[in-house]
file final.txt (compact mmCIF, C-alpha atoms)
# COMPACT_ATOMS: atom_id res chain seq x y z
CA MET J 186 218.06 140.72 13.40
CA SER J 187 216.88 139.75 16.84
CA PHE J 188 214.60 141.77 19.05
CA TYR J 189 217.44 142.90 21.27
CA ASP J 190 219.67 144.04 18.43
CA GLN J 191 216.78 146.02 17.04
CA TRP J 192 215.74 147.87 20.16
CA ALA J 193 218.85 147.88 22.34
CA ALA J 194 219.75 151.39 21.17
CA ILE J 195 216.29 152.72 22.02
CA LEU J 196 216.38 150.99 25.41
CA ILE J 197 219.78 152.50 26.19
CA GLY J 198 218.57 155.90 25.00
CA THR J 199 215.49 155.70 27.21
CA VAL J 200 217.45 154.64 30.29
CA VAL J 201 220.14 157.29 29.76
CA GLY J 202 217.46 159.92 29.16
CA PHE J 203 215.69 159.08 32.40
CA LEU J 204 219.02 159.01 34.26
CA LEU J 205 219.99 162.42 32.89
CA VAL J 206 216.77 164.10 33.97
CA PHE J 207 216.71 162.28 37.32
CA SER J 208 220.33 163.12 38.13
CA ALA J 209 219.75 166.76 37.16
CA LEU J 210 216.77 166.97 39.51
CA VAL J 211 218.55 165.20 42.36
CA GLY J 212 221.71 167.24 41.81
CA ALA J 213 219.76 170.48 41.95
CA LYS J 214 218.04 169.32 45.13
CA LEU J 215 221.34 168.43 46.79
CA LEU J 216 223.52 171.29 45.61
CA ALA J 217 221.25 174.32 45.33
CA PRO J 218 220.80 176.52 48.39
CA TYR J 219 217.21 176.42 49.48
CA ALA J 220 215.24 178.49 51.93
CA ARG J 221 211.70 177.66 52.89
CA GLU J 222 209.99 181.01 53.16
CA ARG J 223 206.38 181.97 52.61
CA ALA J 224 207.29 185.26 50.97
CA LYS J 225 208.97 183.37 48.17
CA GLY J 226 205.57 182.54 46.75
CA VAL J 227 204.76 186.21 46.16
CA SER J 228 204.84 187.39 42.56
CA TYR J 229 206.60 190.74 43.14
CA GLU J 230 209.17 191.26 45.80
CA CYS J 231 208.48 194.44 47.81
CA GLY J 232 205.51 195.13 45.56
CA MET J 233 201.76 195.14 45.81
CA LEU J 234 200.10 191.84 46.42
CA PRO J 235 198.55 190.85 43.12
CA LEU J 236 194.75 190.70 43.00
CA GLY J 237 192.68 188.02 41.34
CA ARG J 238 193.77 184.74 39.94
CA ASN J 239 196.98 183.97 38.16
CA TRP J 240 195.13 183.17 34.97
CA THR J 241 194.79 185.44 32.01
CA GLN J 242 193.13 184.40 28.84
CA VAL J 243 195.49 184.31 25.93
CA HIS J 244 194.40 186.11 22.78
CA VAL J 245 192.92 183.92 20.06
CA ARG J 246 195.47 185.09 17.52
CA TYR J 247 198.10 182.89 19.16
CA TYR J 248 196.00 179.95 18.09
CA LEU J 249 197.43 180.51 14.63
CA ILE J 250 200.90 179.74 15.93
CA ALA J 251 199.58 176.36 17.09
CA ILE J 252 197.90 175.78 13.72
CA LEU J 253 201.12 176.65 11.90
CA PHE J 254 203.05 174.20 14.05
CA LEU J 255 200.39 171.58 13.48
CA LEU J 256 200.53 171.85 9.68
CA PHE J 257 204.27 171.52 9.47
CA ASP J 258 204.12 168.71 12.01
CA VAL J 259 201.76 166.81 9.72
CA GLU J 260 204.05 167.64 6.80
CA THR J 261 206.82 165.80 8.66
CA VAL J 262 204.71 162.64 8.70
CA PHE J 263 204.38 162.83 4.93
CA ILE J 264 208.05 163.53 4.33
CA PHE J 265 209.30 160.85 6.71
CA PRO J 266 208.66 157.82 4.43
CA TRP J 267 210.47 159.64 1.65
CA ALA J 268 213.38 160.66 3.86
CA VAL J 269 214.06 157.03 4.78
CA THR J 270 214.53 155.92 1.18
CA PHE J 271 215.25 158.94 -0.96
CA LEU J 272 218.58 157.57 -2.19
CA GLY J 273 216.99 154.58 -3.87
CA LEU J 274 214.18 156.51 -5.51
CA PRO J 275 214.07 157.90 -9.05
CA GLU J 276 214.86 161.53 -9.65
CA PHE J 277 211.34 162.83 -10.27
CA VAL J 278 210.44 161.92 -6.70
CA LEU J 279 212.76 164.65 -5.46
CA TYR J 280 210.82 167.20 -7.53
CA GLN J 281 207.57 165.81 -6.12
CA ILE J 282 208.81 166.47 -2.61
CA ILE J 283 210.00 169.94 -3.58
CA ILE J 284 206.55 170.73 -5.02
CA PHE J 285 204.99 169.38 -1.83
CA ILE J 286 207.14 171.62 0.35
CA VAL J 287 206.68 174.66 -1.92
CA ILE J 288 202.87 174.37 -1.77
CA LEU J 289 203.02 174.39 2.02
CA GLY J 290 205.62 177.14 1.90
CA LEU J 291 203.14 179.28 -0.04
CA GLY J 292 200.74 178.91 2.87
CA LEU J 293 203.49 180.05 5.24
CA VAL J 294 204.24 183.06 3.01
CA TYR J 295 200.54 183.96 3.02
CA ALA J 296 200.42 183.77 6.82
CA TRP J 297 203.58 185.87 7.00
CA ARG J 298 202.14 188.55 4.71
CA ARG J 299 199.01 188.72 6.83
CA GLY J 300 201.18 189.40 9.87
CA VAL J 301 200.42 186.21 11.72
CA LEU J 302 204.02 185.66 12.74
CA GLU J 303 204.34 189.04 14.41
CA TRP J 304 204.28 188.86 18.18
CA ARG J 305 202.22 191.66 19.64
CA MET G 262 205.55 139.73 18.12
CA ILE G 263 208.82 138.00 18.84
CA GLU G 264 208.70 135.70 21.83
CA GLY G 265 211.12 136.06 24.69
CA ALA G 266 211.59 137.83 27.96
CA GLY G 267 212.37 141.20 26.41
CA PRO G 268 209.08 141.86 24.60
CA VAL G 269 207.06 140.50 27.52
CA ALA G 270 208.86 142.75 29.98
CA ALA G 271 208.45 145.67 27.60
CA PHE G 272 204.74 144.93 27.26
CA TRP G 273 204.09 144.88 30.98
CA GLY G 274 206.30 147.89 31.57
CA LEU G 275 204.49 149.86 28.89
CA SER G 276 201.11 148.73 30.21
CA ALA G 277 201.96 149.87 33.71
CA LEU G 278 203.30 153.20 32.44
CA THR G 279 200.27 153.84 30.23
CA LEU G 280 197.71 152.89 32.87
CA LEU G 281 199.44 154.90 35.61
CA ALA G 282 199.62 157.93 33.35
CA ALA G 283 195.96 157.49 32.36
CA GLY G 284 195.09 157.43 36.06
CA GLY G 285 197.14 160.57 36.49
CA VAL G 286 195.06 162.32 33.82
CA VAL G 287 191.93 161.64 35.83
CA VAL G 288 193.32 162.28 39.29
CA SER G 289 195.55 165.32 38.82
CA ARG G 290 193.93 168.55 39.95
CA ASN G 291 195.85 170.83 37.63
CA LEU G 292 194.63 170.77 34.02
CA PHE G 293 198.15 171.31 32.74
CA HIS G 294 199.44 168.33 34.69
CA ALA G 295 196.59 166.28 33.25
CA VAL G 296 197.73 167.16 29.74
CA LEU G 297 201.31 166.23 30.59
CA PHE G 298 200.09 162.85 31.84
CA LEU G 299 198.11 162.48 28.63
CA ILE G 300 201.34 162.96 26.67
CA VAL G 301 202.87 160.07 28.62
CA VAL G 302 199.83 157.96 27.69
CA PHE G 303 200.37 158.81 24.01
CA LEU G 304 204.03 157.82 24.31
CA GLY G 305 203.04 154.53 25.91
CA ILE G 306 200.70 153.79 23.00
CA ALA G 307 203.55 154.57 20.62
CA GLY G 308 205.60 152.01 22.54
CA PHE G 309 202.89 149.41 21.94
CA PHE G 310 203.02 150.15 18.22
CA LEU G 311 206.77 149.58 18.32
CA LEU G 312 206.24 146.26 20.11
CA LEU G 313 203.90 145.23 17.29
CA SER G 314 206.70 146.18 14.84
CA ALA G 315 204.59 148.95 13.35
CA ASP G 316 207.39 151.48 13.34
CA PHE G 317 205.78 153.97 10.97
CA LEU G 318 202.65 153.98 13.09
CA ALA G 319 204.74 154.56 16.21
CA MET G 320 206.49 157.46 14.51
CA ALA G 321 203.19 158.94 13.38
CA GLN G 322 201.78 158.47 16.89
CA VAL G 323 204.67 160.42 18.39
CA ILE G 324 204.53 163.21 15.82
CA ILE G 325 200.75 163.58 15.56
CA TYR G 326 199.61 162.85 19.10
CA VAL G 327 202.57 163.85 21.25
CA GLY G 328 203.38 166.76 18.97
CA ALA G 329 200.22 168.08 17.40
CA ILE G 330 197.28 166.90 19.52
CA ALA G 331 199.01 167.72 22.80
CA VAL G 332 199.82 171.22 21.55
CA LEU G 333 196.22 171.67 20.43
CA ILE G 334 194.91 170.62 23.85
CA LEU G 335 197.37 172.93 25.60
CA PHE G 336 196.27 175.84 23.42
CA ALA G 337 192.64 174.97 24.02
CA ILE G 338 193.28 175.25 27.78
CA VAL G 339 195.23 178.47 27.47
CA LEU G 340 192.59 180.07 25.24
CA THR G 341 189.63 179.04 27.39
CA PRO G 342 188.56 181.86 29.70
CA ARG G 343 187.21 179.63 32.46
CA ALA G 344 189.89 176.97 32.39
CA SER G 345 191.18 178.29 35.70
CA ARG G 346 188.48 176.11 37.17
CA ASP G 347 190.80 173.18 37.39
CA ASN G 348 190.24 169.49 36.94
CA ALA G 349 187.77 169.48 39.82
CA GLU G 350 184.62 167.49 40.43
CA THR G 351 181.82 168.30 38.06
CA ARG G 352 178.16 167.47 37.85
CA MET G 353 178.96 165.48 34.74
CA ALA G 354 180.84 162.85 36.77
CA PRO G 355 177.92 160.35 36.98
CA VAL G 356 177.20 160.79 33.28
CA ALA G 357 180.86 160.18 32.46
CA LEU G 358 180.86 157.12 34.70
CA VAL G 359 177.82 155.68 32.92
CA ALA G 360 179.34 156.40 29.52
CA GLY G 361 182.64 154.81 30.56
CA VAL G 362 180.94 151.66 31.88
CA ALA G 363 178.85 151.46 28.70
CA VAL G 364 181.91 151.68 26.46
CA ALA G 365 183.74 149.12 28.58
CA GLY G 366 180.70 146.83 28.45
CA LEU G 367 180.78 147.07 24.69
CA LEU G 368 184.52 146.67 24.20
CA ILE G 369 185.46 144.02 26.76
CA PRO G 370 183.06 141.32 25.47
CA ALA G 371 184.11 142.16 21.92
CA ILE G 372 187.78 141.77 22.82
CA LEU G 373 187.16 138.53 24.70
CA ASP G 374 184.94 137.19 21.94
CA ALA G 375 187.18 138.08 19.01
CA GLU G 376 189.17 135.38 17.33
CA TRP G 377 192.72 136.68 17.54
CA ARG G 378 194.57 135.06 14.72
CA THR G 379 198.31 135.24 15.14
CA LEU G 380 200.77 134.97 12.30
CA SER G 381 203.96 133.07 12.79
CA SER G 382 205.83 135.63 10.73
CA ALA G 383 204.47 139.13 10.56
CA PRO G 384 204.26 140.61 7.06
CA ALA G 385 206.93 143.24 7.00
CA LEU G 386 205.87 146.69 5.91
CA PRO G 387 209.02 148.75 6.01
CA VAL G 388 208.71 152.50 5.93
CA SER G 389 210.84 152.52 2.80
CA ASP G 390 208.17 150.57 0.86
CA LEU G 391 205.57 152.96 2.12
CA GLY G 392 207.57 155.90 0.82
CA ARG G 393 208.06 154.26 -2.57
CA GLU G 394 204.33 153.59 -2.93
CA LEU G 395 203.33 157.00 -1.63
CA LEU G 396 205.53 158.81 -4.11
CA GLY G 397 204.96 156.40 -6.97
CA VAL G 398 201.40 155.19 -7.32
CA TRP G 399 199.76 157.57 -4.87
CA VAL G 400 201.62 160.72 -5.76
CA LEU G 401 198.51 162.72 -6.68
CA PRO G 402 196.77 162.19 -3.32
CA PHE G 403 200.13 162.96 -1.74
CA GLN G 404 200.26 166.35 -3.46
CA LEU G 405 196.60 166.95 -2.70
CA ALA G 406 197.44 166.49 0.98
CA SER G 407 199.77 169.47 0.82
CA VAL G 408 197.06 171.52 -0.92
CA LEU G 409 194.65 170.49 1.82
CA LEU G 410 197.10 171.52 4.54
CA THR G 411 197.66 174.88 2.86
CA ALA G 412 193.90 175.39 2.56
CA ALA G 413 193.56 174.67 6.28
CA LEU G 414 196.27 177.22 7.03
CA VAL G 415 194.67 179.91 4.86
CA GLY G 416 191.26 179.13 6.37
CA ALA G 417 192.61 179.47 9.90
CA VAL G 418 194.27 182.80 9.06
CA VAL G 419 191.06 184.13 7.48
CA LEU G 420 188.96 183.01 10.45
CA VAL G 421 191.19 184.41 13.17
CA ARG G 422 192.35 187.59 11.47
CA SER G 423 189.18 189.23 10.31
CA PRO G 424 189.55 192.45 8.27
CA ARG G 425 187.99 194.37 11.16
CA GLU G 426 190.64 193.23 13.56
CA GLU G 427 193.41 194.10 11.15
CA ARG G 428 192.00 197.60 10.70
CA GLU G 429 191.91 198.00 14.47
CA GLU G 430 195.52 196.96 14.71
CA ILE G 431 196.53 199.46 12.02
CA ASP G 432 194.63 202.18 13.86
CA GLU G 433 196.42 201.27 17.06
CA GLU G 434 199.77 201.57 15.38
CA GLU G 435 198.89 204.92 13.85
CA ARG G 436 197.82 206.31 17.22
CA ARG G 437 201.20 205.52 18.67

call {"tool": "encode", "arguments": {"input": "final.txt", "output": "structure tokens"}}
result
Amino acid sequence: MSFYDQWAAILIGTVVGFLLVFSALVGAKLLAPYARERAKGVSYECGMLPLGRNWTQVHVRYYLIAILFLLFDVETVFIFPWAVTFLGLPEFVLYQIIIFIVILGLGLVYAWRRGVLEWR
Amino acid sequence: MIEGAGPVAAFWGLSALTLLAAGGVVVSRNLFHAVLFLIVVFLGIAGFFLLLSADFLAMAQVIIYVGAIAVLILFAIVLTPRASRDNAETRMAPVALVAGVAVAGLLIPAILDAEWRTLSSAPALPVSDLGRELLGVWVLPFQLASVLLTAALVGAVVLVRSPREEREEIDEEERR
């Protein structure tokens, strides 16, 4: 398979993706009504002017959400090589993958029980 | 790498994209914009892996760096109390410059000096073979990886949610 056959789909996907985003931005610029007004930058219309900076520190507990995402992200990397070939593999491999996912699922259940997933 | 106009054009395009984005990381005043530029750099590197026909590496680069590392950096910014001081000049700039020049001075001669042997036909390492090996010979380390990930998750939960904090939260709910 030549280079072009191999990557033509990705090239087309990239170009179409850029075109989609670009056309959406340009379309919004052309079609949307737009008024340049200083008051538009104010946080609350007809309200008090906010004091201080627009930066609040996020509570550390939300870090766990990032960690959770990270772990299952890494899990994807491990599952990917299996997902490409799972039809040609012997049956016990399927159980291996299930064990793999269940072990990580136990971690998720633990986090759930400790109330990590609750948004407060 | 396969010769021809396509790969060469892709190489230069990716190089330009990666270098421009890397410049954007340094120049942009907003820390968030810097991170977004950094994501583009990661994607460019993934493109280089694709050019070298290392498709699994490219996939891992996208998932780990664009997905995980970028999210970690974003959270690090959001959780840092003084991150509102943006990507401005710091007193560390000369130190960083010296360190950068030192690293470049180390790497550039090494790159120029190295004997780059090229193979006429690259040894193919399809992802499918990788999966077969990973789940055949190396299945125990594979399972240990999931145990490790779970241990990391439990450790993070224990660190962030101390018993004291949980008691406080319960008290808060009872007061309501």

call {"tool": "interface_residues", "arguments": {"input": "final.txt", "of": "chain J", "to": "chain G", "cutoff": "9 Å", "atoms": "only C-alpha atoms", "output": "ChimeraX atom specification"}}
result
/J:187-189,238-249,251-271,274,278,281-282,284-286,288-293,295-296,299,301

call {"tool": "atom_distance", "arguments": {"input": "final.txt", "atom1": "atom CA of Val206 of chain J", "atom2": "atom CA of Gly305 of chain G"}}
result
18.6 Å

call {"tool": "atom_distance", "arguments": {"input": "final.txt", "atom1": "atom CA of Trp273 of chain G", "atom2": "atom CA of Ala315 of chain G"}}
result
18.1 Å

call {"tool": "atom_distance", "arguments": {"input": "final.txt", "atom1": "atom CA of Val356 of chain G", "atom2": "atom CA of Tyr326 of chain G"}}
result
26.6 Å

call {"tool": "axis_aligned_box", "arguments": {"input": "final.txt", "around": "segment 360-374 of chain G", "padding_each_side": "5 Å", "output": "lines of an AutoDock Vina configuration file"}}
result
center_x = 183.3
center_y = 146.8
center_z = 26.9
size_x = 18.9
size_y = 29.2
size_z = 20.0
